[in-house]
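Participant: Contents of structure08.cif (mmCIF, C-alpha atoms) are given next:
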```cif
data_model
loop_
_atom_site.label_atom_id
_atom_site.label_comp_id
_atom_site.auth_asym_id
_atom_site.auth_seq_id
_atom_site.Cartn_x
_atom_site.Cartn_y
_atom_site.Cartn_z
CA MET A 1 -56.20 -11.94 -55.15
CA SER A 2 -56.56 -15.67 -54.35
CA ALA A 3 -59.68 -16.99 -52.66
CA SER A 4 -59.29 -17.92 -49.01
CA PRO A 5 -58.93 -21.69 -48.46
CA PRO A 6 -62.08 -23.60 -47.50
CA PRO A 7 -62.51 -24.48 -43.83
CA LEU A 8 -61.56 -27.95 -42.65
CA ILE A 9 -63.82 -27.63 -39.64
CA ARG A 10 -66.83 -25.43 -39.10
CA ALA A 11 -69.01 -25.17 -36.02
CA HIS A 12 -71.98 -23.00 -36.88
CA ALA A 13 -74.36 -21.22 -34.49
CA ILE A 14 -73.73 -23.61 -31.62
CA SER A 15 -75.97 -23.24 -28.58
CA LYS A 16 -75.56 -25.32 -25.48
CA TRP A 17 -77.33 -25.38 -22.15
CA PHE A 18 -76.46 -27.48 -19.14
CA GLY A 19 -79.81 -27.74 -17.41
CA HIS A 20 -81.03 -24.16 -17.07
CA LYS A 21 -77.52 -22.76 -17.50
CA ALA A 22 -76.80 -21.33 -20.93
CA VAL A 23 -73.14 -21.82 -21.81
CA LEU A 24 -73.04 -21.06 -25.52
CA GLU A 25 -75.45 -19.10 -27.67
CA ARG A 26 -74.95 -19.13 -31.43
CA ALA A 27 -71.18 -19.48 -31.09
CA SER A 28 -69.32 -20.17 -34.33
CA LEU A 29 -65.90 -21.37 -35.29
CA SER A 30 -64.37 -21.95 -38.68
CA VAL A 31 -60.77 -22.95 -39.35
CA ALA A 32 -59.09 -23.46 -42.71
CA ALA A 33 -56.17 -25.67 -43.68
CA GLY A 34 -52.91 -24.08 -42.59
CA GLU A 35 -54.61 -21.82 -40.06
CA THR A 36 -54.19 -21.55 -36.29
CA VAL A 37 -57.02 -20.08 -34.26
CA ALA A 38 -56.80 -19.24 -30.57
CA LEU A 39 -59.97 -19.59 -28.52
CA VAL A 40 -59.85 -17.23 -25.56
CA GLY A 41 -62.25 -15.95 -22.93
CA GLU A 42 -62.93 -15.82 -19.24
CA ASN A 43 -63.46 -18.93 -17.14
CA GLY A 44 -66.92 -20.26 -17.86
CA ALA A 45 -67.18 -18.60 -21.26
CA GLY A 46 -67.67 -22.00 -22.92
CA LYS A 47 -64.29 -22.52 -24.62
CA THR A 48 -63.96 -26.15 -23.58
CA THR A 49 -67.65 -26.76 -24.32
CA LEU A 50 -67.28 -25.37 -27.86
CA LEU A 51 -64.20 -27.54 -28.40
CA ARG A 52 -65.95 -30.66 -27.07
CA VAL A 53 -69.00 -29.97 -29.26
CA SER A 54 -66.68 -29.50 -32.26
CA ALA A 55 -64.92 -32.80 -31.50
CA GLY A 56 -68.28 -34.56 -31.21
CA LEU A 57 -67.90 -35.44 -27.54
CA ILE A 58 -71.02 -33.59 -26.45
CA GLU A 59 -74.13 -32.74 -28.37
CA SER A 60 -75.13 -29.16 -28.95
CA ASP A 61 -78.72 -28.09 -28.44
CA ARG A 62 -78.60 -26.09 -31.65
CA GLY A 63 -76.19 -25.64 -34.50
CA GLU A 64 -74.11 -27.96 -36.63
CA VAL A 65 -70.51 -29.08 -36.87
CA SER A 66 -69.00 -30.14 -40.17
CA ALA A 67 -65.46 -31.32 -40.77
CA ALA A 68 -63.32 -32.57 -43.65
CA GLY A 69 -61.10 -35.03 -41.86
CA ARG A 70 -60.36 -36.89 -38.69
CA ILE A 71 -60.11 -34.75 -35.57
CA GLY A 72 -57.22 -35.01 -33.13
CA TYR A 73 -58.54 -33.87 -29.76
CA CYS A 74 -56.35 -33.09 -26.76
CA PRO A 75 -58.44 -32.59 -23.59
CA GLN A 76 -57.41 -30.28 -20.79
CA GLU A 77 -57.37 -33.17 -18.30
CA PRO A 78 -55.25 -35.99 -19.69
CA GLY A 79 -57.66 -38.68 -20.85
CA VAL A 80 -55.18 -41.46 -20.27
CA LEU A 81 -55.28 -44.78 -18.43
CA ASP A 82 -53.46 -44.59 -15.11
CA LEU A 83 -51.82 -48.01 -15.15
CA LEU A 84 -50.70 -48.20 -18.77
CA THR A 85 -47.31 -47.10 -20.11
CA ALA A 86 -46.84 -44.66 -22.98
CA ASP A 87 -46.15 -47.50 -25.45
CA GLU A 88 -49.30 -49.29 -24.38
CA HIS A 89 -51.32 -46.11 -24.90
CA LEU A 90 -49.86 -45.72 -28.38
CA ALA A 91 -50.68 -49.32 -29.31
CA PHE A 92 -54.20 -49.03 -27.83
CA PHE A 93 -55.16 -45.74 -29.45
CA GLY A 94 -53.43 -46.77 -32.69
CA THR A 95 -55.58 -49.90 -32.91
CA GLY A 96 -58.67 -47.71 -32.63
CA MET A 97 -57.44 -45.86 -35.72
CA ASP A 98 -56.59 -49.15 -37.48
CA ILE A 99 -52.89 -48.36 -37.29
CA PRO A 100 -50.83 -51.55 -36.80
CA ARG A 101 -49.01 -51.72 -33.46
CA PRO A 102 -45.45 -51.37 -34.88
CA ARG A 103 -46.42 -48.27 -36.86
CA ALA A 104 -48.33 -46.74 -33.96
CA LEU A 105 -45.29 -47.26 -31.71
CA ARG A 106 -42.87 -45.88 -34.30
CA GLU A 107 -44.93 -42.77 -35.06
CA GLY A 108 -46.00 -42.25 -31.48
CA ARG A 109 -42.49 -42.50 -30.11
CA ALA A 110 -41.31 -40.00 -32.72
CA LEU A 111 -43.99 -37.58 -31.50
CA LEU A 112 -43.08 -38.15 -27.86
CA GLU A 113 -39.42 -37.65 -28.64
CA GLU A 114 -40.21 -34.30 -30.26
CA PHE A 115 -41.77 -33.18 -26.97
CA GLY A 116 -38.84 -34.47 -24.91
CA PHE A 117 -40.75 -37.39 -23.37
CA PRO A 118 -38.36 -39.80 -21.58
CA LEU A 119 -38.78 -42.74 -23.98
CA ASP A 120 -36.54 -45.10 -22.01
CA GLU A 121 -38.97 -45.02 -19.07
CA ARG A 122 -41.49 -47.82 -18.70
CA THR A 123 -43.43 -45.81 -16.13
CA VAL A 124 -47.19 -46.07 -16.04
CA ALA A 125 -49.13 -42.84 -16.66
CA ARG A 126 -50.11 -42.46 -13.00
CA ASP A 127 -46.46 -42.15 -11.96
CA LEU A 128 -45.49 -39.60 -14.62
CA SER A 129 -45.15 -35.93 -13.69
CA GLY A 130 -48.03 -33.67 -14.74
CA GLY A 131 -46.07 -32.18 -17.65
CA THR A 132 -44.85 -35.56 -18.90
CA ARG A 133 -48.37 -36.99 -18.76
CA GLN A 134 -49.52 -33.98 -20.75
CA LYS A 135 -46.92 -34.76 -23.43
CA LEU A 136 -48.44 -38.21 -23.75
CA ASN A 137 -51.90 -36.63 -23.86
CA LEU A 138 -50.80 -34.38 -26.73
CA ALA A 139 -49.02 -37.17 -28.61
CA LEU A 140 -52.22 -39.26 -28.53
CA ALA A 141 -54.11 -36.36 -30.13
CA LEU A 142 -51.50 -36.18 -32.90
CA LEU A 143 -51.29 -39.93 -33.52
CA GLY A 144 -52.41 -40.87 -37.01
CA ASP A 145 -51.60 -37.40 -38.35
CA PRO A 146 -55.14 -35.93 -38.19
CA PRO A 147 -55.71 -32.86 -40.40
CA ILE A 148 -57.69 -31.08 -37.66
CA LEU A 149 -56.32 -30.45 -34.17
CA LEU A 150 -58.48 -29.28 -31.28
CA LEU A 151 -56.17 -28.60 -28.34
CA ASP A 152 -57.55 -27.56 -24.96
CA GLU A 153 -54.73 -25.82 -23.06
CA PRO A 154 -52.36 -28.57 -24.20
CA TYR A 155 -49.25 -27.14 -22.55
CA GLN A 156 -50.43 -27.42 -18.92
CA GLY A 157 -47.54 -28.49 -16.72
CA PHE A 158 -44.92 -27.99 -19.45
CA ASP A 159 -41.62 -26.49 -18.37
CA LEU A 160 -40.53 -23.30 -20.13
CA GLY A 161 -38.40 -25.05 -22.78
CA THR A 162 -41.17 -27.49 -23.71
CA TYR A 163 -43.71 -24.65 -23.75
CA VAL A 164 -41.65 -22.64 -26.24
CA ASN A 165 -41.03 -25.81 -28.22
CA PHE A 166 -44.78 -26.45 -28.31
CA TRP A 167 -45.47 -23.18 -30.11
CA ASP A 168 -42.69 -23.97 -32.61
CA HIS A 169 -44.50 -27.24 -33.28
CA VAL A 170 -47.74 -25.37 -33.81
CA ASP A 171 -46.00 -23.35 -36.53
CA ARG A 172 -44.80 -26.55 -38.19
CA TRP A 173 -48.23 -28.23 -38.03
CA ARG A 174 -49.77 -25.12 -39.55
CA GLY A 175 -47.10 -25.20 -42.27
CA ARG A 176 -48.14 -28.75 -43.06
CA GLY A 177 -51.70 -27.60 -43.69
CA LYS A 178 -53.40 -28.59 -40.47
CA ALA A 179 -56.38 -26.66 -39.11
CA ILE A 180 -55.58 -25.93 -35.47
CA VAL A 181 -57.71 -24.60 -32.64
CA ILE A 182 -56.00 -23.90 -29.32
CA VAL A 183 -57.85 -22.94 -26.18
CA THR A 184 -55.43 -20.70 -24.34
CA HIS A 185 -55.07 -18.19 -21.54
CA MET A 186 -51.53 -17.30 -22.66
CA LEU A 187 -52.24 -13.95 -24.26
CA ALA A 188 -48.50 -13.35 -24.86
CA GLU A 189 -48.55 -16.04 -27.55
CA LEU A 190 -51.49 -14.66 -29.49
CA SER A 191 -49.07 -13.09 -31.99
CA ARG A 192 -48.25 -16.65 -33.11
CA VAL A 193 -51.80 -17.48 -34.22
CA ASP A 194 -53.67 -16.32 -37.31
CA ARG A 195 -56.91 -15.42 -35.59
CA VAL A 196 -58.29 -14.99 -32.11
CA ILE A 197 -61.87 -15.86 -31.24
CA GLU A 198 -63.03 -14.50 -27.93
CA LEU A 199 -65.96 -16.07 -26.16
CA LYS A 200 -67.85 -14.08 -23.55
CA VAL A 201 -69.63 -15.50 -20.55
CA HIS A 202 -73.31 -15.84 -21.44
CA PRO A 203 -75.19 -12.67 -20.31
CA SER A 204 -77.54 -14.76 -18.17
CA ARG A 205 -74.53 -15.83 -16.06
CA ALA A 206 -72.31 -12.76 -16.26
CA VAL A 207 -71.86 -10.58 -13.18
CA GLN A 208 -71.91 -7.53 -15.42
CA PRO A 209 -73.68 -7.97 -18.74
CA HIS A 210 -71.27 -7.42 -21.62
CA GLY A 211 -72.63 -8.73 -24.90
CA THR A 212 -73.55 -12.15 -26.17
CA GLY A 213 -71.15 -15.09 -26.35
CA GLY A 214 -70.03 -16.30 -29.70
CA GLY A 215 -67.09 -16.37 -32.01
CA MET B 1 -64.08 -54.57 -41.48
CA ASP B 2 -63.29 -58.28 -41.61
CA ALA B 3 -63.88 -60.56 -38.64
CA ARG B 4 -60.16 -61.12 -37.97
CA LYS B 5 -59.48 -57.42 -37.71
CA ARG B 6 -62.53 -56.95 -35.51
CA PHE B 7 -61.37 -59.76 -33.23
CA ALA B 8 -57.86 -58.24 -33.04
CA ARG B 9 -59.42 -54.99 -31.80
CA LEU B 10 -61.33 -56.85 -29.08
CA ILE B 11 -58.13 -58.65 -28.08
CA MET B 12 -56.37 -55.27 -27.80
CA VAL B 13 -59.06 -53.97 -25.42
CA ALA B 14 -58.85 -57.22 -23.42
CA GLU B 15 -55.05 -57.05 -23.35
CA MET B 16 -54.98 -53.48 -22.06
CA GLN B 17 -57.65 -54.27 -19.48
CA GLY B 18 -55.51 -57.18 -18.37
CA ARG B 19 -52.33 -55.13 -18.14
CA ASP B 20 -54.20 -52.51 -16.10
CA LEU B 21 -55.67 -55.01 -13.64
CA LEU B 22 -52.56 -57.19 -13.32
CA ARG B 23 -50.67 -54.12 -12.08
CA ARG B 24 -53.15 -53.76 -9.21
CA ARG B 25 -51.46 -56.45 -7.14
CA LEU B 26 -53.37 -55.84 -3.93
CA ALA B 27 -56.66 -55.95 -5.82
CA LEU B 28 -55.65 -59.28 -7.36
CA ILE B 29 -54.83 -60.75 -3.96
CA LEU B 30 -58.17 -59.52 -2.61
CA LEU B 31 -59.94 -61.08 -5.60
CA ILE B 32 -58.91 -64.51 -4.37
CA VAL B 33 -58.80 -63.87 -0.62
CA LEU B 34 -62.10 -62.00 -0.14
CA PRO B 35 -64.52 -64.82 -1.07
CA LEU B 36 -62.40 -67.36 0.79
CA ALA B 37 -62.28 -65.14 3.89
CA PHE B 38 -66.07 -64.88 3.72
CA TYR B 39 -66.31 -68.66 3.45
CA ALA B 40 -63.71 -69.33 6.17
CA ALA B 41 -65.51 -67.08 8.65
CA LEU B 42 -68.78 -68.95 8.12
CA THR B 43 -67.33 -72.47 8.30
CA THR B 44 -67.00 -72.01 12.06
CA SER B 45 -70.83 -72.18 12.44
CA ASP B 46 -71.72 -74.62 9.62
CA ARG B 47 -68.97 -76.03 7.44
CA HIS B 48 -71.46 -77.61 5.00
CA GLN B 49 -73.78 -74.65 4.46
CA ALA B 50 -70.89 -72.14 4.34
CA VAL B 51 -70.40 -72.93 0.64
CA ILE B 52 -73.58 -70.96 -0.16
CA PRO B 53 -72.34 -67.55 1.05
CA GLY B 54 -68.78 -68.55 0.12
CA GLY B 55 -69.82 -69.21 -3.47
CA ILE B 56 -72.01 -66.13 -3.83
CA ALA B 57 -69.24 -63.96 -2.32
CA ILE B 58 -67.31 -64.48 -5.57
CA ALA B 59 -69.72 -61.86 -6.93
CA PHE B 60 -68.21 -59.24 -4.58
CA ALA B 61 -64.72 -59.86 -5.94
CA VAL B 62 -65.43 -60.34 -9.66
CA GLY B 63 -68.25 -57.78 -9.75
CA GLY B 64 -65.99 -55.28 -7.97
CA ALA B 65 -63.21 -55.84 -10.50
CA SER B 66 -65.70 -55.32 -13.33
CA ILE B 67 -67.03 -52.09 -11.82
CA PHE B 68 -63.53 -50.67 -11.51
CA SER B 69 -62.64 -51.70 -15.06
CA VAL B 70 -65.37 -49.32 -16.23
CA LEU B 71 -64.74 -46.53 -13.73
CA SER B 72 -60.94 -46.44 -14.05
CA SER B 73 -61.14 -45.95 -17.81
CA ARG B 74 -63.96 -43.42 -17.75
CA GLN B 75 -61.73 -40.47 -18.76
CA ALA B 76 -60.09 -42.37 -21.59
CA ASP B 77 -63.13 -44.17 -22.99
CA GLN B 78 -64.59 -41.25 -24.92
CA ARG B 79 -61.17 -40.56 -26.42
CA LEU B 80 -60.87 -44.19 -27.42
CA VAL B 81 -64.24 -43.94 -29.14
CA LEU B 82 -63.11 -40.72 -30.82
CA ALA B 83 -60.01 -42.64 -31.96
CA GLY B 84 -62.24 -45.18 -33.67
CA PHE B 85 -63.29 -47.86 -31.18
CA GLY B 86 -66.97 -48.69 -31.00
CA PRO B 87 -68.43 -48.51 -27.46
CA TRP B 88 -69.46 -52.16 -27.89
CA GLU B 89 -65.84 -53.10 -28.60
CA LEU B 90 -64.76 -51.58 -25.29
CA VAL B 91 -67.49 -53.46 -23.40
CA ALA B 92 -66.94 -56.76 -25.22
CA GLY B 93 -63.14 -56.61 -24.90
CA ARG B 94 -63.37 -56.00 -21.16
CA LEU B 95 -65.96 -58.75 -20.81
CA MET B 96 -63.56 -61.16 -22.55
CA PHE B 97 -60.72 -60.45 -20.16
CA LEU B 98 -62.83 -60.40 -17.01
CA GLU B 99 -64.58 -63.67 -17.89
CA VAL B 100 -61.17 -65.30 -18.32
CA LEU B 101 -60.03 -63.79 -15.01
CA GLY B 102 -63.14 -65.19 -13.33
CA LEU B 103 -62.11 -68.76 -14.19
CA PRO B 104 -59.09 -69.09 -11.85
CA VAL B 105 -60.82 -67.02 -9.14
CA ALA B 106 -63.86 -69.31 -9.23
CA GLY B 107 -61.69 -72.41 -9.67
CA ALA B 108 -59.51 -71.65 -6.64
CA SER B 109 -62.50 -70.87 -4.41
CA ALA B 110 -64.47 -73.94 -5.55
CA ALA B 111 -61.46 -76.21 -5.01
CA VAL B 112 -60.91 -74.97 -1.44
CA MET B 113 -64.62 -75.18 -0.59
CA ALA B 114 -64.95 -78.65 -2.12
CA ALA B 115 -61.94 -79.88 -0.11
CA VAL B 116 -63.10 -78.39 3.19
CA SER B 117 -66.89 -78.78 3.03
CA SER B 118 -67.06 -82.04 1.01
CA PRO B 119 -70.32 -81.28 -0.81
CA GLU B 120 -72.28 -84.20 -2.28
CA HIS B 121 -71.55 -83.09 -5.87
CA PRO B 122 -68.24 -81.18 -5.96
CA TRP B 123 -68.34 -80.69 -9.75
CA MET B 124 -71.73 -79.00 -9.39
CA LEU B 125 -70.25 -76.66 -6.82
CA GLY B 126 -67.50 -75.81 -9.32
CA LEU B 127 -70.09 -75.10 -12.03
CA ALA B 128 -72.22 -72.98 -9.69
CA VAL B 129 -69.29 -70.90 -8.46
CA TRP B 130 -68.08 -70.37 -12.02
CA LEU B 131 -71.60 -69.23 -12.98
CA VAL B 132 -71.54 -66.70 -10.13
CA ALA B 133 -68.28 -65.29 -11.56
CA PHE B 134 -69.68 -65.47 -15.10
CA ILE B 135 -72.76 -63.38 -14.19
CA ALA B 136 -70.80 -61.04 -11.91
CA VAL B 137 -68.82 -59.70 -14.88
CA PRO B 138 -71.72 -58.20 -16.89
CA PHE B 139 -73.39 -57.31 -13.58
CA GLY B 140 -70.35 -55.24 -12.58
CA LEU B 141 -70.08 -53.70 -16.05
CA THR B 142 -73.74 -52.67 -15.86
CA ILE B 143 -73.37 -51.11 -12.40
CA GLY B 144 -70.17 -49.32 -13.43
CA THR B 145 -71.91 -47.80 -16.45
CA LEU B 146 -75.18 -47.02 -14.68
CA VAL B 147 -73.68 -45.63 -11.45
CA PRO B 148 -70.52 -43.77 -12.45
CA GLN B 149 -69.29 -42.96 -8.92
CA GLU B 150 -67.04 -45.43 -7.11
CA LEU B 151 -68.71 -45.28 -3.71
CA GLU B 152 -72.25 -45.47 -5.00
CA ALA B 153 -71.42 -48.25 -7.45
CA THR B 154 -69.76 -50.31 -4.72
CA LEU B 155 -72.76 -49.80 -2.45
CA VAL B 156 -75.11 -51.05 -5.17
CA LEU B 157 -72.95 -54.17 -5.58
CA ILE B 158 -72.85 -54.78 -1.83
CA GLY B 159 -76.59 -54.18 -1.59
CA VAL B 160 -77.69 -56.55 -4.36
CA VAL B 161 -75.27 -59.37 -3.48
CA GLY B 162 -75.99 -58.85 0.22
CA ILE B 163 -79.74 -59.21 -0.33
CA GLN B 164 -79.13 -62.32 -2.43
CA LEU B 165 -77.02 -63.77 0.39
CA SER B 166 -79.53 -63.02 3.11
CA LEU B 167 -82.57 -64.51 1.34
CA SER B 168 -83.39 -68.18 1.03
CA GLY B 169 -83.62 -69.58 -2.48
CA ASN B 170 -87.41 -69.90 -2.12
CA ALA B 171 -88.04 -66.18 -1.55
CA VAL B 172 -89.81 -64.41 -4.40
CA VAL B 173 -87.35 -61.51 -4.31
CA ALA B 174 -84.40 -63.92 -4.50
CA ARG B 175 -85.71 -65.28 -7.81
CA VAL B 176 -85.41 -61.93 -9.57
CA LEU B 177 -81.86 -61.26 -8.37
CA PRO B 178 -78.91 -62.12 -10.63
CA PHE B 179 -77.36 -64.98 -8.68
CA TRP B 180 -80.50 -66.95 -7.85
CA GLY B 181 -79.85 -69.70 -10.42
CA ALA B 182 -76.25 -70.15 -9.25
CA ARG B 183 -77.35 -70.19 -5.62
CA ARG B 184 -79.85 -72.98 -6.40
CA LEU B 185 -77.07 -74.92 -8.15
CA ILE B 186 -75.03 -74.70 -4.94
CA ASP B 187 -78.07 -76.20 -3.20
CA VAL B 188 -77.93 -79.01 -5.79
CA ALA B 189 -74.22 -79.49 -5.01
CA LEU B 190 -75.21 -79.92 -1.35
CA GLY B 191 -77.80 -82.57 -2.21
CA GLY B 192 -80.85 -80.51 -3.17
CA SER B 193 -83.05 -81.55 -6.07
CA PHE B 194 -83.79 -78.91 -8.73
CA SER B 195 -83.85 -78.87 -12.54
CA ILE B 196 -80.19 -78.30 -13.46
CA PRO B 197 -80.74 -77.33 -17.14
CA ARG B 198 -83.39 -74.79 -16.10
CA LEU B 199 -81.06 -73.23 -13.54
CA ILE B 200 -78.15 -73.06 -15.99
CA LEU B 201 -80.48 -71.48 -18.54
CA ALA B 202 -81.61 -68.92 -15.96
CA CYS B 203 -77.97 -68.01 -15.25
CA MET B 204 -77.12 -67.67 -18.93
CA ALA B 205 -80.26 -65.61 -19.63
CA TYR B 206 -79.45 -63.26 -16.76
CA ALA B 207 -75.84 -62.87 -17.94
CA ALA B 208 -77.00 -62.17 -21.52
CA LEU B 209 -79.55 -59.64 -20.27
CA LEU B 210 -76.96 -57.82 -18.16
CA PHE B 211 -74.46 -57.82 -21.01
CA ALA B 212 -77.06 -56.34 -23.37
CA LEU B 213 -77.93 -53.72 -20.76
CA SER B 214 -74.30 -52.73 -20.19
CA LEU B 215 -73.84 -52.49 -23.95
CA ILE B 216 -76.88 -50.22 -24.38
CA LEU B 217 -75.83 -48.00 -21.45
CA MET B 218 -72.22 -47.76 -22.60
CA THR B 219 -73.23 -46.98 -26.19
CA GLY B 220 -75.43 -44.16 -24.92
CA ARG B 221 -72.77 -42.76 -22.61
CA LEU B 222 -69.94 -42.88 -25.14
CA ARG B 223 -71.84 -41.79 -28.21
CA VAL B 224 -69.68 -39.56 -30.38
CA ARG B 225 -71.58 -37.13 -32.60
CA ARG B 226 -69.47 -37.34 -35.76
CA PRO B 227 -69.32 -34.01 -37.58
CA VAL B 228 -71.18 -33.76 -40.86
CA PRO B 229 -68.67 -34.56 -43.65
CA MET B 230 -67.65 -31.46 -45.53
CA PRO B 231 -67.86 -32.04 -49.27
CA GLY B 232 -65.21 -31.04 -51.76
CA VAL B 233 -62.20 -30.82 -49.45
CA PRO B 234 -59.38 -33.29 -50.17
CA TRP B 235 -59.02 -34.80 -46.70
CA GLY B 236 -61.62 -37.51 -47.08
CA SER B 237 -64.67 -37.92 -44.94
CA ALA B 238 -64.71 -37.00 -41.27
#
```
In structure tokens, how does this file's structure come out?

Facilitator:
Amino acid sequence: MSASPPPLIRAHAISKWFGHKAVLERASLSVAAGETVALVGENGAGKTTLLRVSAGLIESDRGEVSAAGRIGYCPQEPGVLDLLTADEHLAFFGTGMDIPRPRALREGRALLEEFGFPLDERTVARDLSGGTRQKLNLALALLGDPPILLLDEPYQGFDLGTYVNFWDHVDRWRGRGKAIVIVTHMLAELSRVDRVIELKVHPSRAVQPHGTGGG
Amino acid sequence: MDARKRFARLIMVAEMQGRDLLRRRLALILLIVLPLAFYAALTTSDRHQAVIPGGIAIAFAVGGASIFSVLSSRQADQRLVLAGFGPWELVAGRLMFLEVLGLPVAGASAAVMAAVSSPEHPWMLGLAVWLVAFIAVPFGLTIGTLVPQELEATLVLIGVVGIQLSLSGNAVVARVLPFWGARRLIDVALGGSFSIPRLILACMAYAALLFALSLILMTGRLRVRRPVPMPGVPWGSA
């Protein structure tokens, strides 16, 4: 029997309070290359917080995150600039990753095309539909081919075809050895992931106590 | 990273800031019109002295543009840092663009005021008005970073510039406000007698201080906690 592959990202015993409000207590997450993990739980269980801690966007009060590669992070709310076009976003984010503009545009457009983004449009992000803006949001997370993907409900606003297509892409990314974490409420798709981690609302905030939070 | 590459990254931030602002056509019109409207309204009572509030009012326009450059990119900034930009690169790139933008805004206002009010030293008026715009950029960046809500940030800008406008240059409080040196230089343009190098130095020192402050605040706000690199896995360091 072969040994299981080492994790590419590991968040260990993460605790996080916002003021006096405990959101996470000793929550853990570990994802290997070629593995897709779904992060599920009720509203307020700390899914987004755990993802943001794992990406390095917020600091945990306890615990440690280690990773073996660049992280592609797709936030729930598109973190895009309202008055820039898709091409300008690709060039801007690409420069941050030291990717030359022509390459960033080439690779970024290929990603957008995969999601059915209307490439001929020179519309600024503010004037895109919610689903189209989300495609840009997702493409920015994938730019530069990061080995680790942290996706926070990345399909919001997608039409049915794009939604199905998204999960096909997840299969392909997994096949290429990426470590993928998807925050999702779509329980019907859980058969398409390798593991499910359920977070519970912290007992101090739960209406009815039902165990400690943590993965 | 070599200096050329570093500079290209700053230019990219400046370029995108420019593209964003140049698409806000109404805001651009207001940038020019607002200080001139302020000046025009006051020329009816004293055409000569109206250059003082007219010149300082540049701070409303340029400072406002700087505040919104920070606030409109708030959602994207942390992602840009996650993508590899340093917080200082975002601040410095924006500063570059906004300082360049301040030149025509200040130039247009100074030219109109010089033509209408005929100050004793028109070139000094031009320098003073440009210095107001020059300081207003880091001032706006600092407010935008320190007060991350649009309404509150705008009120702080209105408050500080308004106090500066309502005080005479001799008031103790006026001396600690950002545009005191530039205001005194407008007095010089109107025939007053003050040490010009000292006033220019005061303006530059204030601008440098505000820039440093905005840099510190932005670095704190956008700090990304990089994960600990995991050894022995063939993806390279995190």

Participant: May I ask you to extract the residues of chain A within 10 Å of chain B, using all atoms listed in the file, and to give them as a ChimeraX atom specification?

Facilitator: /A:5-11,33,53-60,64-75,77-85,88-89,91-98,101,124,140-141,143-144,146-148

Participant: Written as an MDAnalysis selection string, what is the full residue list that the PyMOL selection byres ((chain B and resi 147) around 12) yields on the file shown?

Facilitator: chainID B and resid 67:68 70:71 74 139:146 148:157 214 217:218 221

Participant: Counting all atoms listed in the file, figure out which residue out of A:Asp145, A:Leu138, A:Arg106, A:Pro118 gets nearest to Gly177 in chain A.

Facilitator: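 Once distances to Gly177 in chain A are computed over all atoms listed in the file, the minimum belongs to A:Asp145.
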
Participant: Identify which of the residues B:Ala65, B:Leu177, B:Met124, B:Leu190 lies closest to Glu99 in chain B, counting all atoms listed in the file when measuring atom-to-atom distances.

Facilitator: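 Counting all atoms listed in the file, the residue closest to Glu99 in chain B is B:Ala65.
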
Participant: Would you mind reading off the distance between CA of Val116 in chain B and CA of Arg175 in chain B, one decimal, in Å?

Facilitator: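 CA of Arg175 in chain B lies at a distance of 28.4 Å from CA of Val116 in chain B.
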
Participant: What is the CA of Ser129 in chain A to CA of Glu189 in chain A distance in Å?

Facilitator: 24.5 Å

Participant: Got a sec to resolve the PyMOL selection byres ((chain B and resi 160) around 12) on this structure and send the residues as a PyMOL selection string?

Facilitator: chain B and resi 56-57+59-60+63+136+139-140+143+153-159+161-167+173-174+176-180

Participant: When distances are computed from all atoms listed in the file, which of B:Ile186, B:Leu131, B:Leu213, B:Ala171 shows the smallest separation from Leu201 in chain B?

Facilitator: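 When distances to Leu201 in chain B are compared using all atoms listed in the file, the smallest one comes from B:Leu131.
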
Participant: Go through the shown structure with the PyMOL selection byres ((chain A and resi 159) around 12) and write out the matching residues as a ChimeraX atom specification.

Facilitator: /A:115-116,129-132,134-135,155-158,160-166

Participant: Between CA of Trp88 in chain B and CA of Gly18 in chain B, measure the distance and give it in Å to one decimal.

Facilitator: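 Calculated distance between CA of Trp88 in chain B and CA of Gly18 in chain B is 17.6 Å.
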
Participant: Enclose the full set of atoms of range 41-55 of chain B listed in the file within a box whose edges lie along x, y and z, apply 3 Å of padding to each of the six sides, and report centre and edge lengths in Å to one decimal as JSON.

Facilitator:
```
{"center_x": -69.6, "center_y": -72.3, "center_z": 4.5, "size_x": 14.3, "size_y": 16.5, "size_z": 21.9}
```

Participant: Could you name the residues that touch Val181 in chain A at 9 Å or less, counting all atoms listed in the file, but leaving out those on the same chain fewer than 4 positions away, as a PDB file with C-alpha atoms, in the frame of the given file?

Facilitator:
```pdb
ATOM      1  CA  VAL A  31     -60.770 -22.950 -39.350  1.00  0.00           C
ATOM      2  CA  GLU A  35     -54.610 -21.820 -40.060  1.00  0.00           C
ATOM      3  CA  THR A  36     -54.190 -21.550 -36.290  1.00  0.00           C
ATOM      4  CA  VAL A  37     -57.020 -20.080 -34.260  1.00  0.00           C
ATOM      5  CA  ALA A  38     -56.800 -19.240 -30.570  1.00  0.00           C
ATOM      6  CA  LEU A  39     -59.970 -19.590 -28.520  1.00  0.00           C
ATOM      7  CA  LEU A  51     -64.200 -27.540 -28.400  1.00  0.00           C
ATOM      8  CA  ILE A 148     -57.690 -31.080 -37.660  1.00  0.00           C
ATOM      9  CA  LEU A 149     -56.320 -30.450 -34.170  1.00  0.00           C
ATOM     10  CA  LEU A 150     -58.480 -29.280 -31.280  1.00  0.00           C
ATOM     11  CA  LEU A 151     -56.170 -28.600 -28.340  1.00  0.00           C
ATOM     12  CA  ASP A 152     -57.550 -27.560 -24.960  1.00  0.00           C
TER      13      ASP A 152
END
```

Participant: Please determine, counting all atoms listed in the file, which residue among B:Met96, B:Ala3, B:Ala111, B:Val51 has the shortest atom-to-atom distance to Ile32 in chain B.

Facilitator: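 Ranked by minimum distance to Ile32 in chain B, first place goes to B:Ala111.
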